[in-house]
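**Q** Contents of run.pdb (PDB, C-alpha atoms) are below:
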```
ATOM      1  CA  MET A   1     113.127 182.464  11.908
ATOM      2  CA  ILE A   2     112.069 185.421  14.032
ATOM      3  CA  SER A   3     114.200 188.323  15.224
ATOM      4  CA  LEU A   4     115.788 188.402  18.663
ATOM      5  CA  ASP A   5     113.551 191.350  19.563
ATOM      6  CA  GLU A   6     110.449 189.192  19.042
ATOM      7  CA  ALA A   7     111.740 186.212  21.019
ATOM      8  CA  VAL A   8     111.406 185.212  24.648
ATOM      9  CA  THR A   9     113.630 182.798  26.526
ATOM     10  CA  ALA A  10     112.438 179.340  27.516
ATOM     11  CA  ARG A  11     114.639 177.942  30.315
ATOM     12  CA  LEU A  12     115.005 174.434  31.678
ATOM     13  CA  GLU A  13     117.192 173.473  34.625
ATOM     14  CA  SER A  14     118.018 169.778  34.838
ATOM     15  CA  HIS A  15     120.876 167.591  36.080
ATOM     16  CA  GLY A  16     122.490 170.679  37.581
ATOM     17  CA  GLU A  17     122.665 172.387  34.189
ATOM     18  CA  ARG A  18     120.698 175.188  32.549
ATOM     19  CA  PHE A  19     119.393 175.111  28.986
ATOM     20  CA  GLU A  20     117.845 178.078  27.183
ATOM     21  CA  VAL A  21     116.237 178.563  23.783
ATOM     22  CA  LEU A  22     114.839 181.640  22.019
ATOM     23  CA  VAL A  23     111.303 181.346  20.704
ATOM     24  CA  ASP A  24     108.189 183.309  19.748
ATOM     25  CA  PRO A  25     106.052 183.708  22.918
ATOM     26  CA  ASP A  26     102.744 182.574  21.388
ATOM     27  CA  ALA A  27     104.411 179.583  19.748
ATOM     28  CA  ALA A  28     106.069 178.701  23.059
ATOM     29  CA  LEU A  29     102.670 178.612  24.773
ATOM     30  CA  ALA A  30     101.220 176.510  21.958
ATOM     31  CA  ILE A  31     104.118 174.052  22.180
ATOM     32  CA  LYS A  32     103.689 173.853  25.948
ATOM     33  CA  ARG A  33     100.021 172.929  25.445
ATOM     34  CA  ASP A  34     100.822 170.472  22.623
ATOM     35  CA  GLU A  35      98.791 172.689  20.283
ATOM     36  CA  PHE A  36     101.566 173.863  17.955
ATOM     37  CA  GLU A  37     101.069 172.837  14.339
ATOM     38  CA  GLY A  38     103.517 175.071  12.458
ATOM     39  CA  ASP A  39     107.143 174.802  11.449
ATOM     40  CA  LEU A  40     109.482 175.106  14.432
ATOM     41  CA  GLU A  41     112.109 176.864  12.336
ATOM     42  CA  ASP A  42     109.662 179.715  11.706
ATOM     43  CA  VAL A  43     109.127 180.510  15.400
ATOM     44  CA  ILE A  44     112.642 180.378  16.848
ATOM     45  CA  ALA A  45     115.330 183.062  16.822
ATOM     46  CA  ALA A  46     118.244 180.636  16.730
ATOM     47  CA  GLU A  47     118.620 176.994  15.781
ATOM     48  CA  ASP A  48     120.642 176.476  18.905
ATOM     49  CA  VAL A  49     120.507 175.592  22.600
ATOM     50  CA  PHE A  50     122.274 177.869  25.073
ATOM     51  CA  GLU A  51     123.501 177.665  28.618
ATOM     52  CA  ASN A  52     123.056 181.423  28.793
ATOM     53  CA  ALA A  53     121.268 182.909  25.781
ATOM     54  CA  SER A  54     122.053 186.536  26.640
ATOM     55  CA  ARG A  55     125.797 185.781  26.577
ATOM     56  CA  GLY A  56     125.609 183.218  23.793
ATOM     57  CA  ASP A  57     127.192 180.507  25.998
ATOM     58  CA  ARG A  58     126.464 176.935  24.906
ATOM     59  CA  PRO A  59     126.297 173.787  27.067
ATOM     60  CA  ALA A  60     128.696 170.906  26.603
ATOM     61  CA  GLU A  61     127.557 168.239  24.135
ATOM     62  CA  GLU A  62     127.856 165.555  26.802
ATOM     63  CA  ASP A  63     125.361 167.505  28.947
ATOM     64  CA  LEU A  64     122.923 167.610  26.040
ATOM     65  CA  GLU A  65     123.327 163.878  25.514
ATOM     66  CA  GLU A  66     122.826 163.140  29.192
ATOM     67  CA  VAL A  67     119.649 165.232  29.576
ATOM     68  CA  PHE A  68     118.020 164.907  26.152
ATOM     69  CA  GLY A  69     119.644 161.853  24.602
ATOM     70  CA  THR A  70     120.651 163.916  21.551
ATOM     71  CA  THR A  71     122.649 166.968  20.507
ATOM     72  CA  ASP A  72     120.189 167.961  17.776
ATOM     73  CA  PRO A  73     118.905 171.477  18.654
ATOM     74  CA  MET A  74     115.647 171.015  16.727
ATOM     75  CA  ALA A  75     114.827 167.975  18.846
ATOM     76  CA  ILE A  76     115.901 169.657  22.089
ATOM     77  CA  ILE A  77     114.193 173.032  21.645
ATOM     78  CA  PRO A  78     110.600 171.712  22.018
ATOM     79  CA  GLU A  79     111.644 169.712  25.107
ATOM     80  CA  VAL A  80     113.119 172.800  26.755
ATOM     81  CA  ILE A  81     109.911 174.689  26.058
ATOM     82  CA  ARG A  82     107.565 171.909  27.251
ATOM     83  CA  LYS A  83     109.449 171.099  30.453
ATOM     84  CA  GLY A  84     110.901 174.506  31.229
ATOM     85  CA  GLU A  85     109.633 177.986  32.068
ATOM     86  CA  ILE A  86     108.997 180.841  29.657
ATOM     87  CA  GLN A  87     110.904 183.939  30.719
ATOM     88  CA  ILE A  88     109.513 187.302  29.626
ATOM     89  CA  THR A  89     110.576 190.830  30.531
ATOM     90  CA  ALA A  90     108.127 193.441  31.811
ATOM     91  CA  GLU A  91     108.315 195.149  28.425
ATOM     92  CA  GLN A  92     107.614 191.905  26.567
ATOM     93  CA  ARG A  93     104.713 191.140  28.897
ATOM     94  CA  GLU A  94     103.228 194.590  28.320
ATOM     95  CA  GLU A  95     103.556 194.253  24.546
ATOM     96  CA  MET A  96     102.022 190.768  24.562
ATOM     97  CA  GLN A  97      99.178 191.994  26.754
ATOM     98  CA  GLU A  98      98.435 194.868  24.375
ATOM     99  CA  GLN A  99      98.410 192.530  21.367
ATOM    100  CA  LYS A 100      96.055 190.115  23.132
ATOM    101  CA  ARG A 101      93.814 193.007  24.217
ATOM    102  CA  LYS A 102      93.440 194.180  20.606
ATOM    103  CA  GLN A 103      92.749 190.617  19.448
ATOM    104  CA  LEU A 104      90.115 190.185  22.158
ATOM    105  CA  ILE A 105      88.351 193.441  21.274
ATOM    106  CA  ASN A 106      88.406 192.522  17.573
ATOM    107  CA  THR A 107      86.994 189.046  18.259
ATOM    108  CA  ILE A 108      84.181 190.365  20.439
ATOM    109  CA  THR A 109      83.384 193.145  17.965
ATOM    110  CA  ARG A 110      83.100 190.669  15.094
ATOM    111  CA  ASN A 111      80.823 188.284  16.968
ATOM    112  CA  ALA A 112      78.771 190.304  19.444
ATOM    113  CA  VAL A 113      75.623 192.411  19.113
ATOM    114  CA  ASN A 114      73.500 194.717  21.233
ATOM    115  CA  PRO A 115      70.213 192.819  21.901
ATOM    116  CA  GLN A 116      68.535 196.043  23.052
ATOM    117  CA  MET A 117      69.225 197.790  19.719
ATOM    118  CA  ASP A 118      67.828 195.284  17.207
ATOM    119  CA  ASN A 119      70.984 193.176  17.435
ATOM    120  CA  SER A 120      73.117 195.951  15.977
ATOM    121  CA  PRO A 121      76.906 195.476  16.241
ATOM    122  CA  HIS A 122      78.917 197.107  19.007
ATOM    123  CA  PRO A 123      81.725 199.334  17.662
ATOM    124  CA  PRO A 124      85.207 198.392  18.919
ATOM    125  CA  GLU A 125      85.530 201.668  20.840
ATOM    126  CA  ARG A 126      82.473 200.755  22.919
ATOM    127  CA  ILE A 127      83.850 197.295  23.676
ATOM    128  CA  GLU A 128      87.195 198.809  24.651
ATOM    129  CA  ARG A 129      85.612 201.354  26.992
ATOM    130  CA  ALA A 130      83.346 198.734  28.549
ATOM    131  CA  LEU A 131      86.260 196.391  29.226
ATOM    132  CA  GLU A 132      88.099 199.237  30.936
ATOM    133  CA  GLU A 133      85.013 200.137  32.975
ATOM    134  CA  ALA A 134      84.592 196.489  33.969
ATOM    135  CA  GLY A 135      88.216 196.339  35.055
ATOM    136  CA  PHE A 136      88.902 193.300  32.867
ATOM    137  CA  THR A 137      92.583 192.453  32.580
ATOM    138  CA  VAL A 138      93.794 190.472  29.589
ATOM    139  CA  ASP A 139      96.171 187.617  30.393
ATOM    140  CA  PRO A 140      99.141 187.873  27.999
ATOM    141  CA  MET A 141     100.017 184.216  28.541
ATOM    142  CA  GLU A 142      96.582 182.809  27.715
ATOM    143  CA  PRO A 143      95.092 182.340  24.210
ATOM    144  CA  VAL A 144      92.439 184.920  23.367
ATOM    145  CA  GLU A 145      89.793 182.259  22.686
ATOM    146  CA  ASN A 146      90.183 181.033  26.282
ATOM    147  CA  GLN A 147      89.454 184.517  27.651
ATOM    148  CA  ILE A 148      86.318 185.374  25.667
ATOM    149  CA  ASP A 149      83.791 183.861  28.106
ATOM    150  CA  ASP A 150      85.354 185.669  31.064
ATOM    151  CA  ALA A 151      85.418 188.914  29.089
ATOM    152  CA  LEU A 152      81.727 188.565  28.211
ATOM    153  CA  ASP A 153      80.868 187.877  31.855
ATOM    154  CA  ALA A 154      82.685 191.095  32.764
ATOM    155  CA  LEU A 155      80.981 193.080  29.980
ATOM    156  CA  ARG A 156      77.359 192.064  30.628
ATOM    157  CA  PRO A 157      76.877 194.246  33.742
ATOM    158  CA  VAL A 158      78.246 197.207  31.755
ATOM    159  CA  ILE A 159      76.627 196.888  28.308
ATOM    160  CA  PRO A 160      73.904 194.664  26.793
ATOM    161  CA  ILE A 161      75.812 192.107  24.752
ATOM    162  CA  ARG A 162      75.563 188.620  23.367
ATOM    163  CA  PHE A 163      77.183 186.534  20.665
ATOM    164  CA  GLU A 164      74.882 186.138  17.704
ATOM    165  CA  GLU A 165      74.877 184.962  14.103
ATOM    166  CA  VAL A 166      72.968 186.693  11.340
ATOM    167  CA  THR A 167      71.736 185.531   7.948
ATOM    168  CA  MET A 168      71.846 188.067   5.143
ATOM    169  CA  ALA A 169      70.903 188.070   1.486
ATOM    170  CA  VAL A 170      73.220 189.888  -0.912
ATOM    171  CA  ARG A 171      72.602 190.861  -4.532
ATOM    172  CA  LEU A 172      75.422 191.931  -6.839
ATOM    173  CA  PRO A 173      74.520 193.440 -10.235
ATOM    174  CA  PRO A 174      75.835 191.650 -13.357
ATOM    175  CA  GLU A 175      78.822 193.930 -13.934
ATOM    176  CA  TYR A 176      80.143 193.277 -10.406
ATOM    177  CA  ALA A 177      78.987 189.710  -9.789
ATOM    178  CA  GLY A 178      81.880 187.792 -11.315
ATOM    179  CA  SER A 179      84.682 189.062  -9.102
ATOM    180  CA  GLY A 180      82.564 190.398  -6.243
ATOM    181  CA  GLN A 181      80.812 187.192  -5.202
ATOM    182  CA  ALA A 182      84.136 185.547  -4.280
ATOM    183  CA  GLN A 183      84.822 188.294  -1.733
ATOM    184  CA  ILE A 184      81.312 188.117  -0.305
ATOM    185  CA  ARG A 185      81.650 184.367   0.207
ATOM    186  CA  GLU A 186      84.559 184.985   2.586
ATOM    187  CA  PHE A 187      82.246 186.527   5.180
ATOM    188  CA  GLY A 188      80.744 183.233   6.343
ATOM    189  CA  ASP A 189      78.832 180.116   5.397
ATOM    190  CA  LEU A 190      77.089 180.343   2.031
ATOM    191  CA  GLU A 191      73.648 178.857   2.628
ATOM    192  CA  ARG A 192      72.319 179.318  -0.905
ATOM    193  CA  GLU A 193      73.226 181.133  -4.101
ATOM    194  CA  GLU A 194      71.538 181.834  -7.400
ATOM    195  CA  TRP A 195      72.562 183.429 -10.680
ATOM    196  CA  GLN A 196      69.672 185.538 -11.979
ATOM    197  CA  ASN A 197      68.623 185.690 -15.649
ATOM    198  CA  ASP A 198      70.156 189.156 -15.979
ATOM    199  CA  GLY A 199      73.538 187.910 -14.694
ATOM    200  CA  SER A 200      73.108 189.183 -11.131
ATOM    201  CA  TRP A 201      74.410 187.021  -8.293
ATOM    202  CA  VAL A 202      72.309 186.532  -5.165
ATOM    203  CA  GLY A 203      73.580 184.695  -2.117
ATOM    204  CA  VAL A 204      72.412 183.933   1.402
ATOM    205  CA  LEU A 205      75.160 183.824   4.014
ATOM    206  CA  THR A 206      75.309 183.172   7.746
ATOM    207  CA  PHE A 207      78.125 184.767   9.734
ATOM    208  CA  PRO A 208      78.894 186.523  13.066
ATOM    209  CA  ALA A 209      76.433 189.362  13.550
ATOM    210  CA  GLY A 210      79.170 191.825  14.385
ATOM    211  CA  LEU A 211      80.223 191.761  10.727
ATOM    212  CA  GLN A 212      76.953 193.241   9.429
ATOM    213  CA  ASN A 213      78.292 196.756   8.920
ATOM    214  CA  GLU A 214      81.449 195.391   7.356
ATOM    215  CA  LEU A 215      79.366 193.424   4.856
ATOM    216  CA  TYR A 216      77.274 196.476   3.963
ATOM    217  CA  ASP A 217      80.476 198.445   3.392
ATOM    218  CA  LYS A 218      81.971 195.688   1.256
ATOM    219  CA  VAL A 219      78.856 195.416  -0.947
ATOM    220  CA  ASN A 220      78.850 199.189  -1.462
ATOM    221  CA  GLU A 221      82.559 199.190  -2.196
ATOM    222  CA  LEU A 222      82.336 196.341  -4.721
ATOM    223  CA  THR A 223      79.291 197.720  -6.549
ATOM    224  CA  SER A 224      79.723 201.501  -6.204
ATOM    225  CA  GLY A 225      76.530 201.499  -4.152
ATOM    226  CA  GLU A 226      74.475 199.557  -6.711
ATOM    227  CA  GLY A 227      74.321 196.256  -4.791
ATOM    228  CA  ASP A 228      71.895 195.250  -2.064
ATOM    229  CA  ALA A 229      72.242 193.514   1.289
ATOM    230  CA  ARG A 230      69.692 192.897   3.996
ATOM    231  CA  VAL A 231      69.075 190.711   7.022
ATOM    232  CA  ILE A 232      66.633 187.879   6.433
ATOM    233  CA  LYS A 233      65.001 185.438   8.803
ATOM    234  CA  ASP A 234      64.217 182.723   6.290
ATOM    235  CA  LYS A 235      67.293 181.068   4.757
ATOM    236  CA  ASP A 236      65.184 179.808   1.886
ATOM    237  CA  GLU A 237      64.548 183.381   0.847
ATOM    238  CA  LEU A 238      66.853 184.537  -1.958
ATOM    239  CA  SER A 239      65.333 187.779  -3.137
ATOM    240  CA  THR A 240      66.774 191.099  -1.885
ATOM    241  CA  ARG A 241      64.153 193.314  -3.424
TER     242      ARG A 241
END
```
What does this structure look like when you write it as structure tokens?
**A**
Amino acid sequence: MISLDEAVTARLESHGERFEVLVDPDAALAIKRDEFEGDLEDVIAAEDVFENASRGDRPAEEDLEEVFGTTDPMAIIPEVIRKGEIQITAEQREEMQEQKRKQLINTITRNAVNPQMDNSPHPPERIERALEEAGFTVDPMEPVENQIDDALDALRPVIPIRFEEVTMAVRLPPEYAGSGQAQIREFGDLEREEWQNDGSWVGVLTFPAGLQNELYDKVNELTSGEGDARVIKDKDELSTR
């Protein structure tokens, strides 16, 4: 379950009665869109249905039976969310908007490049400033993935930007290859890999271009600066020399 501070109220008025439940705001939106795949118990603040959640008042069982055909809160809660309205305070809205804004900036940073600078990644600070300059407002009630296209449309008049993938070859020396290659694999799709005669590991990966600098940093961190990473244009190429 979540804390009361994290929850918003979903409210349904039906048959002259009011029913309220306390739920995580993002989960409530996912349930409303029939996109929720988690465990309901993990995203609610109370396994209960209220007439007035702020006072803790509960509806009569006969009212629950009449409206929902059951008194089971876990069966009723999703129905209240789907058919009702999600109530959020100004403070909750502001907090949700800030969280979504950070998620949006992170997503764009990880996937976007500057086509005028050899497809180099944009730092998050530049994306943040450009969004502010463009006057783009993040919708706290909409999933981040649904706002990316609109955000990019707003950014393009301000900075050169496009979503791009990059293919890079990475070489880890023998003493770092065993444990290091597992972490490198997490960056994207492993196109090819090869264990060299000296025990070195070489892999070719494709991933969002905005992660280039992060990959360089990871290779240096894992190998104390002894590894290699470079952008390649031919996925059949394995050498990083």
**Q** Tell me, as a VMD selection string, which residues lie within 9 Å of segment 166-177 of chain A, counting only C-alpha atoms; anything in the same chain fewer than 4 positions away does not count.
**A** chain A and resid 181 to 182 184 191 196 198 to 212 219 222 to 223 226 to 235 237 to 241
**Q** Any idea what's packed within 6 Å of segment 31-44 of chain A, counting only C-alpha atoms, ignoring anything in its chain fewer than 4 positions away? Could you give it as a list in words?
**A** Met1, Ile2, Leu22, Val23, Asp24 and Arg82 of chain A
**Q** Please, what distance in Å, to one decimal, runs between atom CA of Ala28 of chain A and atom CA of Gln147 of chain A?
**A**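 Atom CA of Ala28 of chain A sits 18.2 Å away from atom CA of Gln147 of chain A.
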**Q** I need the output of the PyMOL selection byres ((chain A and resi 52) around 12) for this file as a VMD selection string; which residues are they?
**A** chain A and resid 9 to 13 17 to 22 48 to 51 53 to 59
**Q** Mind pulling up the distance from atom CA of Val8 of chain A to atom CA of Glu98 of chain A?
**A**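 Going from atom CA of Glu98 of chain A over to atom CA of Val8 of chain A covers 16.2 Å.
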**Q** Write out as a JSON list (two decimals) with C-alpha atoms, in the frame of the given file each polymer residue whose atoms come within 9 Å of Glu95 of chain A, counting all atoms listed in the file; drop sequence neighbours fewer than 5 positions from it.
**A**
```
[["chain", "number", "residue", "atom", "x", "y", "z"],
["A", 90, "ALA", "CA", 108.13, 193.44, 31.81],
["A", 100, "LYS", "CA", 96.06, 190.12, 23.13],
["A", 140, "PRO", "CA", 99.14, 187.87, 28.00]]
```
**Q** Have a look at A:Glu125, A:Asp5, A:Glu193, A:Asp118 and name the one nearest to Ile88 of chain A; count all atoms listed in the file.
**A**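 Smallest distance to Ile88 of chain A is found for A:Asp5.
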**Q** Check the smallest atom-to-atom distance from each of A:Met141, A:Ala45, A:Ile81, A:Val67 to Met96 of chain A using only C-alpha atoms, then report the winner.
**A**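 Selected residue with least distance to Met96 of chain A: A:Met141.
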**Q** Have a look at A:Ala46, A:Val113, A:Leu29, A:Val158 and name the one nearest to Glu132 of chain A; count all atoms listed in the file.
**A**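 For Glu132 of chain A, the nearest of the given residues is A:Val158.
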**Q** For a test of reading the model, state the distance in Å between atom CA of Ala60 of chain A and atom CA of Pro78 of chain A, rounded to one decimal.
**A**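 Computed distance, atom CA of Ala60 of chain A to atom CA of Pro78 of chain A, equals 18.7 Å.
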**Q** Would you give the centre and edge lengths, in Å to one decimal, of a box along x, y and z around the listed atoms of segment 173-179 of chain A, with 4 Å added to each side, as lines of an AutoDock Vina configuration file?
**A**
```
center_x = 79.6
center_y = 190.9
center_z = -11.5
size_x = 18.2
size_y = 14.1
size_z = 12.8
```
**Q** So that I can see what lies close to Phe136 of chain A, please list as a PyMOL selection string the residues with an atom at most 10 Å from it, counting all atoms listed in the file and leaving out residues fewer than 5 positions away in the same chain.
**A** chain A and resi 101+130-131+150-155
**Q** Restricting the calculation to only C-alpha atoms, which member of A:Pro157, A:Pro121, A:Pro25, A:Gly69 is positioned closest to Thr89 of chain A?
**A**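 Smallest separation from Thr89 of chain A among the options: A:Pro25.
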**Q** Rank A:Lys218, A:His122, A:Lys83, A:Arg162 by their smallest atom-to-atom distance to Glu186 of chain A, using only C-alpha atoms, and report the top residue only.
**A**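 With only C-alpha atoms as the atom set, the closest residue is A:Lys218.
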**Q** Using all atoms listed in the file, pick whichever of A:Ser14, A:Glu221, A:Gly180, A:Ile108 has the shortest atom-to-atom distance to Glu79 of chain A.
**A**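 Of all the options, A:Ser14 lies closest to Glu79 of chain A.
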